[in-house]
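Have a look at my_file.txt below; it lists compact mmCIF, C-alpha atoms.
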# COMPACT_ATOMS: atom_id res chain seq x y z
CA MET V 1 1.76 17.23 28.44
CA THR V 2 4.78 14.95 28.32
CA GLU V 3 8.28 16.33 27.70
CA PRO V 4 8.44 17.92 24.25
CA ILE V 5 10.56 16.13 21.64
CA LEU V 6 11.82 19.48 20.42
CA ALA V 7 11.94 22.77 22.34
CA ALA V 8 13.46 25.92 20.86
CA ARG V 9 13.57 29.23 22.71
CA GLY V 10 14.50 32.69 21.44
CA LEU V 11 16.09 31.27 18.31
CA SER V 12 17.82 33.74 15.95
CA LYS V 13 20.05 33.29 12.94
CA GLU V 14 21.90 36.22 11.40
CA TYR V 15 24.07 36.33 8.30
CA GLY V 16 26.52 39.11 7.41
CA ARG V 17 27.05 42.19 9.52
CA GLY V 18 26.68 45.95 9.56
CA PRO V 19 24.42 47.27 6.82
CA ALA V 20 24.49 43.81 5.13
CA LEU V 21 23.09 42.08 8.24
CA VAL V 22 20.26 39.67 7.42
CA ARG V 23 18.10 38.28 10.20
CA ALA V 24 16.89 35.04 8.61
CA VAL V 25 15.26 33.85 11.84
CA HIS V 26 14.35 36.31 14.54
CA ASP V 27 13.44 35.33 18.11
CA VAL V 28 11.46 32.20 17.35
CA SER V 29 10.23 29.82 20.05
CA LEU V 30 8.64 26.47 19.31
CA SER V 31 7.77 23.38 21.28
CA VAL V 32 6.80 20.14 19.54
CA GLY V 33 5.29 17.30 21.53
CA GLY V 34 5.48 13.60 20.69
CA GLY V 35 3.17 12.62 17.84
CA GLU V 36 2.51 16.18 16.77
CA SER V 37 2.62 17.15 13.13
CA VAL V 38 3.56 20.79 12.61
CA ALA V 39 3.48 22.64 9.30
CA ILE V 40 5.39 25.90 8.96
CA VAL V 41 4.18 28.02 6.07
CA GLY V 42 5.16 31.41 4.70
CA PRO V 43 6.40 33.18 1.57
CA SER V 44 9.78 32.34 0.01
CA GLY V 45 12.62 33.90 1.94
CA CYS V 46 10.65 34.14 5.21
CA GLY V 47 13.30 32.05 6.99
CA LYS V 48 11.36 28.81 7.30
CA SER V 49 14.03 26.57 5.74
CA THR V 50 16.78 28.17 7.84
CA LEU V 51 14.66 27.53 10.91
CA LEU V 52 14.32 23.86 9.99
CA TYR V 53 18.10 23.53 9.59
CA LEU V 54 18.59 25.10 13.02
CA LEU V 55 16.06 22.72 14.57
CA GLY V 56 17.82 19.70 13.08
CA GLY V 57 21.32 20.85 14.01
CA LEU V 58 22.42 21.34 10.39
CA GLU V 59 23.17 24.98 11.20
CA ARG V 60 23.94 26.67 14.47
CA PRO V 61 21.85 29.55 15.79
CA THR V 62 23.32 33.01 16.39
CA SER V 63 21.43 33.00 19.68
CA GLY V 64 18.80 30.99 21.48
CA THR V 65 18.53 27.40 22.73
CA ILE V 66 17.34 24.14 21.18
CA GLU V 67 16.63 20.95 23.07
CA LEU V 68 16.20 17.85 20.95
CA ALA V 69 15.09 14.69 22.75
CA GLY V 70 16.12 16.36 26.02
CA GLU V 71 19.60 17.30 24.81
CA PRO V 72 20.66 20.98 24.40
CA ILE V 73 22.08 20.73 20.88
CA HIS V 74 23.04 24.42 20.60
CA GLU V 75 25.94 23.84 22.98
CA ARG V 76 27.07 20.41 21.76
CA PRO V 77 30.35 19.98 19.82
CA GLU V 78 30.11 19.01 16.16
CA ALA V 79 30.87 15.31 16.70
CA ARG V 80 28.06 14.90 19.23
CA LEU V 81 25.73 16.89 16.98
CA ALA V 82 26.48 14.59 14.04
CA HIS V 83 25.67 11.60 16.25
CA LEU V 84 22.33 13.15 17.30
CA ARG V 85 21.44 14.05 13.72
CA ARG V 86 21.96 10.43 12.69
CA HIS V 87 19.96 8.91 15.52
CA ALA V 88 17.29 11.37 16.53
CA VAL V 89 16.45 13.23 13.32
CA GLY V 90 15.26 12.15 9.88
CA PHE V 91 15.61 14.73 7.13
CA VAL V 92 13.58 14.98 3.94
CA PHE V 93 14.72 17.56 1.39
CA GLN V 94 13.06 19.19 -1.60
CA ALA V 95 15.74 17.87 -3.99
CA PHE V 96 15.75 14.35 -2.42
CA HIS V 97 19.56 14.28 -1.89
CA LEU V 98 19.88 10.58 -2.66
CA VAL V 99 23.31 9.15 -3.45
CA ASP V 100 23.16 8.72 -7.24
CA GLU V 101 25.62 5.78 -7.35
CA LEU V 102 23.66 3.70 -4.83
CA THR V 103 20.46 1.74 -5.42
CA ALA V 104 17.23 2.64 -3.63
CA ARG V 105 17.86 -0.13 -1.10
CA GLU V 106 21.46 0.95 -0.49
CA ASN V 107 20.36 4.54 0.02
CA VAL V 108 17.89 3.41 2.68
CA GLU V 109 20.49 1.13 4.32
CA LEU V 110 23.07 3.89 4.57
CA PRO V 111 21.89 5.72 7.72
CA ALA V 112 21.63 2.47 9.69
CA LEU V 113 25.14 1.44 8.58
CA LEU V 114 26.52 4.87 9.51
CA ALA V 115 24.87 4.51 12.90
CA GLY V 116 26.69 1.22 13.45
CA ALA V 117 24.03 -1.37 12.58
CA SER V 118 25.20 -4.70 11.14
CA PRO V 119 24.84 -5.02 7.34
CA ARG V 120 22.23 -7.71 7.88
CA ARG V 121 20.17 -5.58 10.25
CA ALA V 122 20.47 -2.54 7.96
CA ARG V 123 19.26 -4.60 5.02
CA GLU V 124 16.27 -5.96 6.96
CA ARG V 125 15.29 -2.47 8.04
CA ALA V 126 15.64 -1.15 4.47
CA GLY V 127 13.40 -3.99 3.30
CA GLU V 128 10.71 -3.07 5.84
CA LEU V 129 10.86 0.59 4.91
CA LEU V 130 10.75 0.04 1.15
CA ARG V 131 7.68 -2.11 1.74
CA GLN V 132 6.16 0.66 3.81
CA VAL V 133 6.64 3.20 1.00
CA ASP V 134 5.48 0.58 -1.54
CA LEU V 135 8.74 0.47 -3.52
CA GLU V 136 9.88 -3.10 -2.91
CA ASP V 137 9.89 -3.73 -6.65
CA ARG V 138 12.22 -0.76 -7.22
CA ALA V 139 14.74 -1.67 -4.52
CA GLU V 140 17.58 -2.44 -6.94
CA HIS V 141 17.04 0.63 -9.14
CA LEU V 142 19.39 3.60 -9.15
CA PRO V 143 17.74 6.95 -8.36
CA SER V 144 18.14 7.98 -12.02
CA ALA V 145 15.76 5.14 -12.98
CA LEU V 146 13.06 6.36 -10.57
CA SER V 147 10.38 9.03 -10.99
CA GLY V 148 10.46 12.15 -8.78
CA GLY V 149 7.72 10.79 -6.54
CA GLN V 150 9.52 7.46 -6.17
CA ARG V 151 12.80 9.22 -5.31
CA GLN V 152 11.10 11.21 -2.60
CA ARG V 153 9.51 8.04 -1.23
CA VAL V 154 12.98 6.46 -1.05
CA ALA V 155 14.20 9.61 0.73
CA ILE V 156 11.34 9.32 3.23
CA ALA V 157 12.20 5.65 3.84
CA ARG V 158 15.83 6.69 4.40
CA ALA V 159 14.74 9.38 6.87
CA LEU V 160 12.99 6.70 8.94
CA ALA V 161 15.90 4.23 8.92
CA ASN V 162 17.07 4.89 12.49
CA ARG V 163 13.56 5.36 13.95
CA PRO V 164 14.10 9.08 14.53
CA SER V 165 12.38 10.97 17.34
CA ILE V 166 11.44 13.60 14.78
CA VAL V 167 11.24 13.92 10.99
CA LEU V 168 12.08 17.34 9.54
CA ALA V 169 10.95 17.92 5.96
CA ASP V 170 11.89 20.91 3.80
CA GLU V 171 9.42 21.47 0.94
CA PRO V 172 9.04 17.72 0.37
CA THR V 173 6.76 18.25 -2.65
CA GLY V 174 8.51 21.33 -4.03
CA ASN V 175 9.93 19.45 -7.03
CA LEU V 176 6.95 17.18 -7.66
CA ASP V 177 3.94 17.23 -9.97
CA THR V 178 0.38 16.67 -8.74
CA ALA V 179 0.40 12.88 -9.03
CA ALA V 180 3.75 12.55 -7.25
CA THR V 181 2.56 14.98 -4.58
CA THR V 182 -0.33 12.62 -3.90
CA GLU V 183 2.14 9.73 -3.32
CA VAL V 184 4.09 11.80 -0.79
CA LEU V 185 0.88 13.07 0.77
CA ARG V 186 -0.24 9.50 1.38
CA LEU V 187 3.01 8.78 3.23
CA PHE V 188 2.75 11.92 5.36
CA GLU V 189 -0.80 10.97 6.33
CA GLN V 190 0.44 7.50 7.29
CA LEU V 191 3.40 8.86 9.27
CA HIS V 192 1.18 11.25 11.17
CA ALA V 193 -1.36 8.50 11.85
CA SER V 194 1.40 6.18 13.11
CA GLY V 195 2.40 8.78 15.72
CA GLN V 196 5.63 9.96 14.09
CA THR V 197 6.55 13.47 15.24
CA LEU V 198 6.90 15.70 12.20
CA VAL V 199 7.85 19.26 11.32
CA VAL V 200 7.35 20.19 7.70
CA VAL V 201 8.20 23.45 6.01
CA THR V 202 6.03 23.91 2.94
CA HIS V 203 4.18 26.25 0.70
CA ASP V 204 2.07 23.35 -0.58
CA GLU V 205 -1.32 23.70 1.11
CA ARG V 206 -2.04 20.00 0.50
CA ILE V 207 0.92 19.06 2.71
CA ALA V 208 0.03 21.78 5.24
CA ALA V 209 -3.47 20.29 5.51
CA THR V 210 -2.03 16.98 6.77
CA ALA V 211 -0.65 18.68 9.90
CA ASN V 212 -2.45 19.26 13.18
CA ARG V 213 -0.66 22.56 13.90
CA LEU V 214 -0.09 25.31 11.39
CA ILE V 215 2.44 28.07 12.00
CA SER V 216 2.73 31.10 9.72
CA MET V 217 6.10 32.74 9.34
CA ARG V 218 6.91 36.14 7.83
CA ASP V 219 10.20 38.05 7.78
CA GLY V 220 11.93 35.57 10.09
CA ARG V 221 9.22 35.61 12.77
CA PHE V 222 6.20 33.53 13.72
CA VAL V 223 3.13 35.63 13.00
CA GLY V 224 0.37 33.16 13.72
CA GLU V 225 -0.38 29.68 14.92
CA THR V 226 -3.55 27.67 14.67
CA ARG V 227 -4.69 24.10 15.31
CA LEU V 228 -6.07 22.25 12.33
CA THR V 229 -8.24 20.02 14.45
CA GLY V 230 -11.79 20.19 15.67
CA GLY V 231 -13.59 19.92 12.34
CA THR V 232 -14.89 22.50 9.98
CA ALA V 233 -18.10 24.43 9.64
CA ARG V 234 -18.57 23.17 6.10
CA SER V 235 -19.13 19.51 5.45
CA LEU V 236 -17.57 17.56 2.64
CA THR V 237 -20.95 17.20 0.93
CA GLU V 238 -21.42 20.95 1.10
CA MET V 239 -17.96 21.56 -0.35
CA ALA V 240 -18.78 19.16 -3.18
CA GLY V 241 -21.93 21.17 -3.99
CA LEU V 242 -24.38 18.50 -2.85
CA GLU V 243 -25.95 20.76 -0.25
CA SER V 244 -26.49 24.45 -0.51
CA MET F 245 -28.37 38.74 26.35
CA PRO F 246 -30.51 40.23 23.58
CA ARG F 247 -30.62 38.12 20.48
CA PRO F 248 -29.21 39.72 17.35
CA ALA F 249 -31.91 40.75 14.92
CA GLU F 250 -32.50 38.13 12.26
CA LEU F 251 -31.88 38.98 8.66
CA PRO F 252 -34.86 38.44 6.39
CA ALA F 253 -35.01 34.88 5.14
CA PRO F 254 -33.41 34.45 1.72
CA GLU F 255 -35.44 33.33 -1.27
CA PRO F 256 -36.20 29.63 -1.06
CA LEU F 257 -33.30 27.82 -2.66
CA HIS F 258 -33.86 26.28 -6.01
CA GLY F 259 -30.81 24.28 -5.08
CA TYR F 260 -28.25 23.05 -7.54
CA GLN F 261 -28.76 19.77 -5.75
CA LEU F 262 -32.40 19.28 -6.58
CA ARG F 263 -32.02 20.37 -10.18
CA VAL F 264 -29.06 18.09 -10.67
CA VAL F 265 -30.80 15.07 -9.22
CA GLN F 266 -33.70 15.56 -11.63
CA GLU F 267 -31.48 15.89 -14.67
CA VAL F 268 -29.20 13.04 -13.63
CA LEU F 269 -32.12 10.65 -13.11
CA LEU F 270 -33.50 11.54 -16.54
CA ALA F 271 -30.12 11.00 -18.18
CA LEU F 272 -29.64 7.66 -16.42
CA LEU F 273 -32.94 6.52 -17.94
CA ALA F 274 -31.92 7.50 -21.49
CA ALA F 275 -30.48 4.11 -22.43
CA ASP F 276 -32.89 1.76 -20.63
CA PRO F 277 -35.88 1.87 -18.31
CA ALA F 278 -34.89 1.23 -14.69
CA HIS F 279 -36.16 0.71 -11.16
CA GLY F 280 -35.77 3.50 -8.62
CA TYR F 281 -33.33 1.43 -6.59
CA GLN F 282 -31.09 0.88 -9.63
CA LEU F 283 -30.91 4.62 -10.19
CA ARG F 284 -30.17 5.18 -6.56
CA ALA F 285 -27.32 2.66 -6.65
CA ARG F 286 -25.80 4.39 -9.69
CA LEU F 287 -25.85 7.74 -7.90
CA ALA F 288 -24.42 6.24 -4.72
CA LEU F 289 -21.52 4.72 -6.66
CA ALA F 290 -20.71 8.04 -8.32
CA LEU F 291 -20.74 9.86 -4.98
CA GLY F 292 -18.78 7.27 -2.98
CA PRO F 293 -18.20 8.55 0.56
CA LEU F 294 -20.52 11.51 -0.11
CA ALA F 295 -23.51 9.30 -0.92
CA GLY F 296 -24.86 9.98 2.56
CA ALA F 297 -26.00 13.36 1.25
CA LEU F 298 -28.55 11.55 -0.86
CA ASN F 299 -31.39 10.80 1.46
CA ASP F 300 -33.27 7.62 0.85
CA GLY F 301 -36.56 9.09 -0.22
CA GLN F 302 -35.10 11.73 -2.49
CA VAL F 303 -34.76 9.59 -5.59
CA TYR F 304 -38.36 8.35 -5.29
CA VAL F 305 -39.79 11.79 -4.55
CA THR F 306 -37.94 13.20 -7.54
CA LEU F 307 -39.13 10.37 -9.81
CA ASN F 308 -42.75 11.07 -8.78
CA ARG F 309 -42.27 14.71 -9.58
CA LEU F 310 -40.75 13.89 -12.97
CA GLU F 311 -43.70 11.63 -13.72
CA LYS F 312 -46.21 14.38 -12.90
CA SER F 313 -44.31 16.71 -15.26
CA GLY F 314 -44.59 14.11 -18.04
CA LEU F 315 -40.83 13.58 -18.31
CA VAL F 316 -41.01 9.91 -17.32
CA THR F 317 -43.74 7.27 -17.24
CA SER F 318 -43.91 4.29 -14.94
CA THR F 319 -45.30 0.79 -15.09
CA ARG F 320 -45.80 -1.53 -12.19
CA VAL F 321 -43.98 -4.82 -12.34
CA GLY F 322 -45.34 -7.56 -10.13
CA GLN F 323 -42.92 -9.50 -7.98
CA THR F 324 -43.86 -12.76 -6.37
CA ASP F 325 -42.03 -12.40 -3.08
CA ARG F 326 -42.15 -8.63 -2.62
CA PRO F 327 -44.52 -5.71 -3.28
CA ASP F 328 -44.76 -4.47 -6.87
CA ARG F 329 -41.97 -2.28 -8.16
CA LYS F 330 -42.18 0.60 -10.57
CA VAL F 331 -40.09 0.68 -13.70
CA TYR F 332 -39.49 4.17 -15.08
CA THR F 333 -39.17 5.04 -18.78
CA LEU F 334 -38.04 8.32 -20.31
CA THR F 335 -40.66 10.15 -22.44
CA ASN F 336 -39.82 12.20 -25.54
CA ALA F 337 -40.14 15.38 -23.47
CA GLY F 338 -37.73 13.86 -20.98
CA ARG F 339 -35.30 13.03 -23.76
CA ASP F 340 -35.40 16.66 -24.99
CA ARG F 341 -34.70 17.85 -21.49
CA VAL F 342 -31.68 15.56 -21.19
CA SER F 343 -30.12 16.77 -24.44
CA ALA F 344 -30.66 20.40 -23.40
CA TRP F 345 -28.97 19.64 -20.07
CA LEU F 346 -25.96 18.03 -21.71
CA LYS F 347 -25.49 21.12 -23.88
CA ASP F 348 -25.94 23.55 -20.99
CA THR F 349 -22.66 25.13 -19.82
CA SER F 350 -23.84 26.80 -16.61
CA TRP F 351 -21.40 26.31 -13.76
CA PRO F 352 -21.63 26.67 -9.97
CA LYS F 353 -20.54 30.20 -9.16
CA PRO F 354 -17.27 30.82 -7.37
CA ALA F 355 -17.93 33.74 -5.06
CA PRO F 356 -14.85 35.78 -4.15
CA ALA F 357 -16.66 39.14 -4.20
CA GLU F 358 -18.42 38.77 -0.85
CA PHE F 359 -15.25 37.82 1.03
CA HIS F 360 -13.27 40.52 -0.77
CA LEU F 361 -15.80 43.18 0.21
CA LYS F 362 -15.82 41.87 3.78
CA LEU F 363 -12.07 42.54 4.01
CA VAL F 364 -12.38 45.98 2.42
CA ALA F 365 -15.24 46.95 4.73
CA ALA F 366 -13.55 45.58 7.85
CA ALA F 367 -10.42 47.59 7.06
CA ALA F 368 -12.29 50.76 6.11
CA ALA F 369 -14.38 50.76 9.27
CA GLY F 370 -11.46 49.70 11.45
CA LEU F 371 -13.72 46.92 12.76
CA ALA F 372 -11.37 43.99 12.44
CA ASP F 373 -7.95 43.18 11.10
CA PRO F 374 -8.36 41.83 7.54
CA VAL F 375 -5.27 39.66 8.01
CA GLY F 376 -6.95 38.01 11.00
CA ILE F 377 -10.10 37.40 8.96
CA VAL F 378 -8.00 35.83 6.20
CA ASP F 379 -6.16 33.62 8.70
CA ARG F 380 -9.41 32.32 10.19
CA GLN F 381 -10.78 31.59 6.75
CA ARG F 382 -7.57 29.83 5.75
CA ARG F 383 -7.85 27.57 8.78
CA GLU F 384 -11.40 26.58 7.78
CA LEU F 385 -10.38 25.80 4.22
CA LEU F 386 -7.28 23.86 5.28
CA ILE F 387 -9.35 21.68 7.59
CA GLY F 388 -11.75 21.11 4.69
CA LEU F 389 -8.84 20.33 2.38
CA GLY F 390 -7.44 17.81 4.87
CA GLU F 391 -10.83 16.06 5.08
CA ALA F 392 -11.33 15.97 1.33
CA GLN F 393 -7.80 14.73 0.79
CA ARG F 394 -8.10 11.93 3.34
CA ALA F 395 -11.40 10.87 1.78
CA ALA F 396 -9.75 10.86 -1.68
CA LEU F 397 -6.78 8.81 -0.43
CA ALA F 398 -9.15 6.25 1.06
CA GLU F 399 -10.79 5.58 -2.33
CA PRO F 400 -9.62 2.49 -4.23
CA ASP F 401 -7.73 2.85 -7.53
CA GLY F 402 -10.00 3.73 -10.42
CA SER F 403 -12.83 4.94 -8.18
CA VAL F 404 -15.11 7.39 -9.95
CA ALA F 405 -15.96 9.08 -6.62
CA ALA F 406 -12.24 9.91 -6.19
CA LEU F 407 -12.61 12.19 -9.19
CA LEU F 408 -15.34 14.16 -7.41
CA LEU F 409 -13.12 14.47 -4.32
CA GLU F 410 -10.24 15.64 -6.52
CA GLY F 411 -12.53 18.41 -7.75
CA VAL F 412 -13.19 19.47 -4.15
CA VAL F 413 -9.44 19.41 -3.38
CA LEU F 414 -8.51 21.47 -6.44
CA ARG F 415 -11.14 24.12 -5.77
CA LEU F 416 -10.04 24.47 -2.16
CA GLN F 417 -6.44 24.80 -3.34
CA ALA F 418 -7.45 27.59 -5.71
CA ASP F 419 -9.29 29.36 -2.88
CA LEU F 420 -6.28 28.96 -0.59
CA HIS F 421 -3.99 30.47 -3.24
CA TRP F 422 -6.26 33.46 -3.43
CA LEU F 423 -6.33 33.78 0.38
CA GLU F 424 -2.53 33.81 0.23
CA ALA F 425 -2.72 36.81 -2.10
CA CYS F 426 -5.26 38.46 0.25
CA ALA F 427 -2.91 37.93 3.21
CA ARG F 428 -0.02 39.47 1.28
CA TYR F 429 -2.03 42.51 0.23
CA TRP F 430 -3.56 43.26 3.62
CA ASN F 431 -0.32 42.62 5.40
CA GLU F 432 1.35 45.24 3.19
CA ALA F 433 -1.60 47.59 3.65
CA ARG F 434 -1.13 47.39 7.40
CA LYS F 435 2.44 48.72 6.99
CA ARG F 436 1.36 51.67 4.82
Go through the file and emit its structure as structure tokens.
Amino acid sequence: MTEPILAARGLSKEYGRGPALVRAVHDVSLSVGGGESVAIVGPSGCGKSTLLYLLGGLERPTSGTIELAGEPIHERPEARLAHLRRHAVGFVFQAFHLVDELTARENVELPALLAGASPRRARERAGELLRQVDLEDRAEHLPSALSGGQRQRVAIARALANRPSIVLADEPTGNLDTAATTEVLRLFEQLHASGQTLVVVTHDERIAATANRLISMRDGRFVGETRLTGGTARSLTEMAGLES
Amino acid sequence: MPRPAELPAPEPLHGYQLRVVQEVLLALLAADPAHGYQLRARLALALGPLAGALNDGQVYVTLNRLEKSGLVTSTRVGQTDRPDRKVYTLTNAGRDRVSAWLKDTSWPKPAPAEFHLKLVAAAAAGLADPVGIVDRQRRELLIGLGEAQRAALAEPDGSVAALLLEGVVLRLQADLHWLEACARYWNEARKR
């Protein structure tokens, strides 16, 4: 296998101390290769979101190491970490986290501008991405004028602005109804098919089913991992009740 | 290696499939008489990517059977450039059967009991870890869900077959929710 995009070893995150000590993440190791799509599932409070924030350098681990695109981010100063987050990682959050005062297009332009792209280049890239998420006709709308599904599609376009090595998504359908979930699902299928490396934390089994690796987490630890490839014993026609 | 003893063969299946095809063909004939190939095309459209399950001869075999039971009649229509084709017409008995079918509320059975008892028995006998059994089952269903979902996404807007695939997706989701509850229970039981 080629060098992993992301390699974490012995990762732990503790909050508080003494009797109030909480081990949110406890001795987790994970390696994600290029083009892999990994879903991390588990009950609320199992530490999966904290883990994602550690992997993306939004929080620092109590112990353990993380290499992102070959760089050991656990020992990098904040300024370097911010640079890496902008260039190597695309984040997608449950609550979208769009800038309310900016239009859809401006939201998607923002990461490229922050990374030093020219306004013209940032605008071109935003145009491409809004086309990719099928929201060209909503480019000049403020987030408040968009549906939940559309906002999340804008957020996904924004996450891709700087062609990140990896996209990290935290419950991307957690705030969405069934129809909007389908819109996001379609994009995740496309991203995976296009070879984008992805780690998604979710309790939505529809999103989990788009991944090719499934990791179960409980009480801060990995308790199981399985590959969602290699077909199933039951065919689609059987599942539909056309064969018994 | 000795082969495991075979279980006795189950009763021959009076499959949901066969019954449904009979009733559906009758219902499709309720408005107008039709050729076998027209009926087949209607079924194929409704099934979309699953139409492969309908083998070519099945519609014709079923129509013959329905004719023998007096539910349809057929007349041969001559064609100049091809062999004669049969046109099928619904009889009064067939019409009664269709209205009974439309009123019938029987439903394919969901079957959680067998899996539930498998977990209980595995735990009681100490044969296997129920959590491991649940995890393997979840993997199967997630792979199925992924397939069904991709097939649904590939359907064009307004496709009637997408509705069938949505049914498959929703049922698998319900099963996966239940497996989640199974995992929680047996995981706790392991600690007790």
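Shortest separation to Leu114 in chain V among V:Leu68, V:Ala161, V:Leu129, V:Leu214 occurs at residue V:Ala161, atoms counted being all atoms listed in the file.
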Could the residues of chain V within 12 Å of chain F, counting only C-alpha atoms, be given as number ranges by chain, please? V: 39, 41-43, 178-179, 181-190, 193, 203-216, 218-219, 223-244
What is the CA of Gly174 in chain V-CA of Gln94 in chain V distance in Å, reported with one decimal?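 Interatomic distance here is 5.6 Å.
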As a PyMOL selection string, please: the residues near Arg151 in chain V (cut-off 9 Å, only C-alpha atoms, same-chain neighbours under 5 positions excluded). chain V and resi 96+98+104+143-144+146+156
If we count only C-alpha atoms, what is near Arg138 in chain V at a cut-off of 10 Å, once residues fewer than 2 positions away on the same chain are taken out, given as a list in words? Thr103, Ala104, Arg105, Leu130, Asp134, Leu135, Glu136, Glu140, His141, Leu142, Pro143, Ala145, Leu146, Gln150 and Val154 of chain V
Nearest candidate to Arg163 in chain V (options V:Ala122, V:Ala79, V:Val89, V:Leu21; using all atoms listed in the file):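 Smallest separation from Arg163 in chain V among the options: V:Val89.
Between CA of Val268 in chain F and CA of Lys353 in chain F the interatomic distance comes to 19.7 Å.
Nearest to Leu30 in chain V of all the residues V:Arg60, V:His192, V:His83, V:Arg9 is V:Arg9, counting all atoms listed in the file.
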Near Leu307 in chain F, counting all atoms listed in the file, which residues have an atom at most 12 Å away, once you skip same-chain residues fewer than 6 positions from it, shown as an MDAnalysis selection string? chainID F and resid 262 265:270 272:273 278:281 283:284 301 313:318 330:334 338
Rounded to one decimal, what separation in Å do you get between CA of Gly45 in chain V and CA of Tyr15 in chain V?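 A separation of 13.3 Å between them.
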Excluding Leu363 in chain F and residues on its chain fewer than 4 positions from it, collect all residues at most 7 Å away from it, counting all atoms listed in the file, and give them as a ChimeraX atom specification. /F:359,367,374
Determine the axis-aligned bounding box of all atoms of range 393-408 of chain F present in the file, pad each side by 6 Å, and express its centre and edge lengths in Å to one decimal place as lines of an AutoDock Vina configuration file.
center_x = -11.4
center_y = 8.6
center_z = -3.5
size_x = 21.2
size_y = 24.2
size_z = 25.8
Can I get range 410-415 of chain F with all heavy atoms filled in, as a PDB file, in the coordinates of the input?
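Written output follows (selection.pdb):
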ATOM      1  N   GLU F 410     -11.345  14.878  -5.946  1.00  0.00           N
ATOM      2  CA  GLU F 410     -10.240  15.640  -6.520  1.00  0.00           C
ATOM      3  C   GLU F 410     -10.722  17.046  -6.908  1.00  0.00           C
ATOM      4  O   GLU F 410     -10.003  18.033  -6.731  1.00  0.00           O
ATOM      5  CB  GLU F 410      -9.662  14.912  -7.732  1.00  0.00           C
ATOM      6  CG  GLU F 410      -8.417  15.593  -8.275  1.00  0.00           C
ATOM      7  CD  GLU F 410      -7.860  14.903  -9.523  1.00  0.00           C
ATOM      8  OE1 GLU F 410      -8.295  13.790  -9.844  1.00  0.00           O
ATOM      9  OE2 GLU F 410      -6.991  15.518 -10.171  1.00  0.00           O
ATOM     10  N   GLY F 411     -11.948  17.105  -7.413  1.00  0.00           N
ATOM     11  CA  GLY F 411     -12.530  18.410  -7.750  1.00  0.00           C
ATOM     12  C   GLY F 411     -12.646  19.296  -6.517  1.00  0.00           C
ATOM     13  O   GLY F 411     -12.341  20.487  -6.557  1.00  0.00           O
ATOM     14  N   VAL F 412     -13.073  18.704  -5.395  1.00  0.00           N
ATOM     15  CA  VAL F 412     -13.190  19.470  -4.150  1.00  0.00           C
ATOM     16  C   VAL F 412     -11.801  19.959  -3.720  1.00  0.00           C
ATOM     17  O   VAL F 412     -11.619  21.126  -3.362  1.00  0.00           O
ATOM     18  CB  VAL F 412     -13.811  18.599  -3.028  1.00  0.00           C
ATOM     19  CG1 VAL F 412     -13.816  19.348  -1.709  1.00  0.00           C
ATOM     20  CG2 VAL F 412     -15.224  18.168  -3.402  1.00  0.00           C
ATOM     21  N   VAL F 413     -10.812  19.061  -3.792  1.00  0.00           N
ATOM     22  CA  VAL F 413      -9.440  19.410  -3.380  1.00  0.00           C
ATOM     23  C   VAL F 413      -8.902  20.554  -4.236  1.00  0.00           C
ATOM     24  O   VAL F 413      -8.357  21.533  -3.711  1.00  0.00           O
ATOM     25  CB  VAL F 413      -8.514  18.167  -3.483  1.00  0.00           C
ATOM     26  CG1 VAL F 413      -7.048  18.571  -3.427  1.00  0.00           C
ATOM     27  CG2 VAL F 413      -8.828  17.171  -2.366  1.00  0.00           C
ATOM     28  N   LEU F 414      -9.070  20.450  -5.546  1.00  0.00           N
ATOM     29  CA  LEU F 414      -8.510  21.470  -6.440  1.00  0.00           C
ATOM     30  C   LEU F 414      -9.171  22.832  -6.239  1.00  0.00           C
ATOM     31  O   LEU F 414      -8.513  23.867  -6.289  1.00  0.00           O
ATOM     32  CB  LEU F 414      -8.628  21.022  -7.898  1.00  0.00           C
ATOM     33  CG  LEU F 414      -7.664  19.894  -8.292  1.00  0.00           C
ATOM     34  CD1 LEU F 414      -8.009  19.329  -9.662  1.00  0.00           C
ATOM     35  CD2 LEU F 414      -6.220  20.389  -8.278  1.00  0.00           C
ATOM     36  N   ARG F 415     -10.466  22.830  -6.002  1.00  0.00           N
ATOM     37  CA  ARG F 415     -11.140  24.120  -5.770  1.00  0.00           C
ATOM     38  C   ARG F 415     -10.670  24.747  -4.468  1.00  0.00           C
ATOM     39  O   ARG F 415     -10.449  25.951  -4.390  1.00  0.00           O
ATOM     40  CB  ARG F 415     -12.660  23.932  -5.742  1.00  0.00           C
ATOM     41  CG  ARG F 415     -13.241  23.845  -7.134  1.00  0.00           C
ATOM     42  CD  ARG F 415     -14.732  24.022  -7.103  1.00  0.00           C
ATOM     43  NE  ARG F 415     -15.094  25.431  -7.100  1.00  0.00           N
ATOM     44  CZ  ARG F 415     -15.907  25.968  -7.996  1.00  0.00           C
ATOM     45  NH1 ARG F 415     -16.405  25.231  -8.956  1.00  0.00           N
ATOM     46  NH2 ARG F 415     -16.228  27.238  -7.928  1.00  0.00           N
TER      47      ARG F 415
END
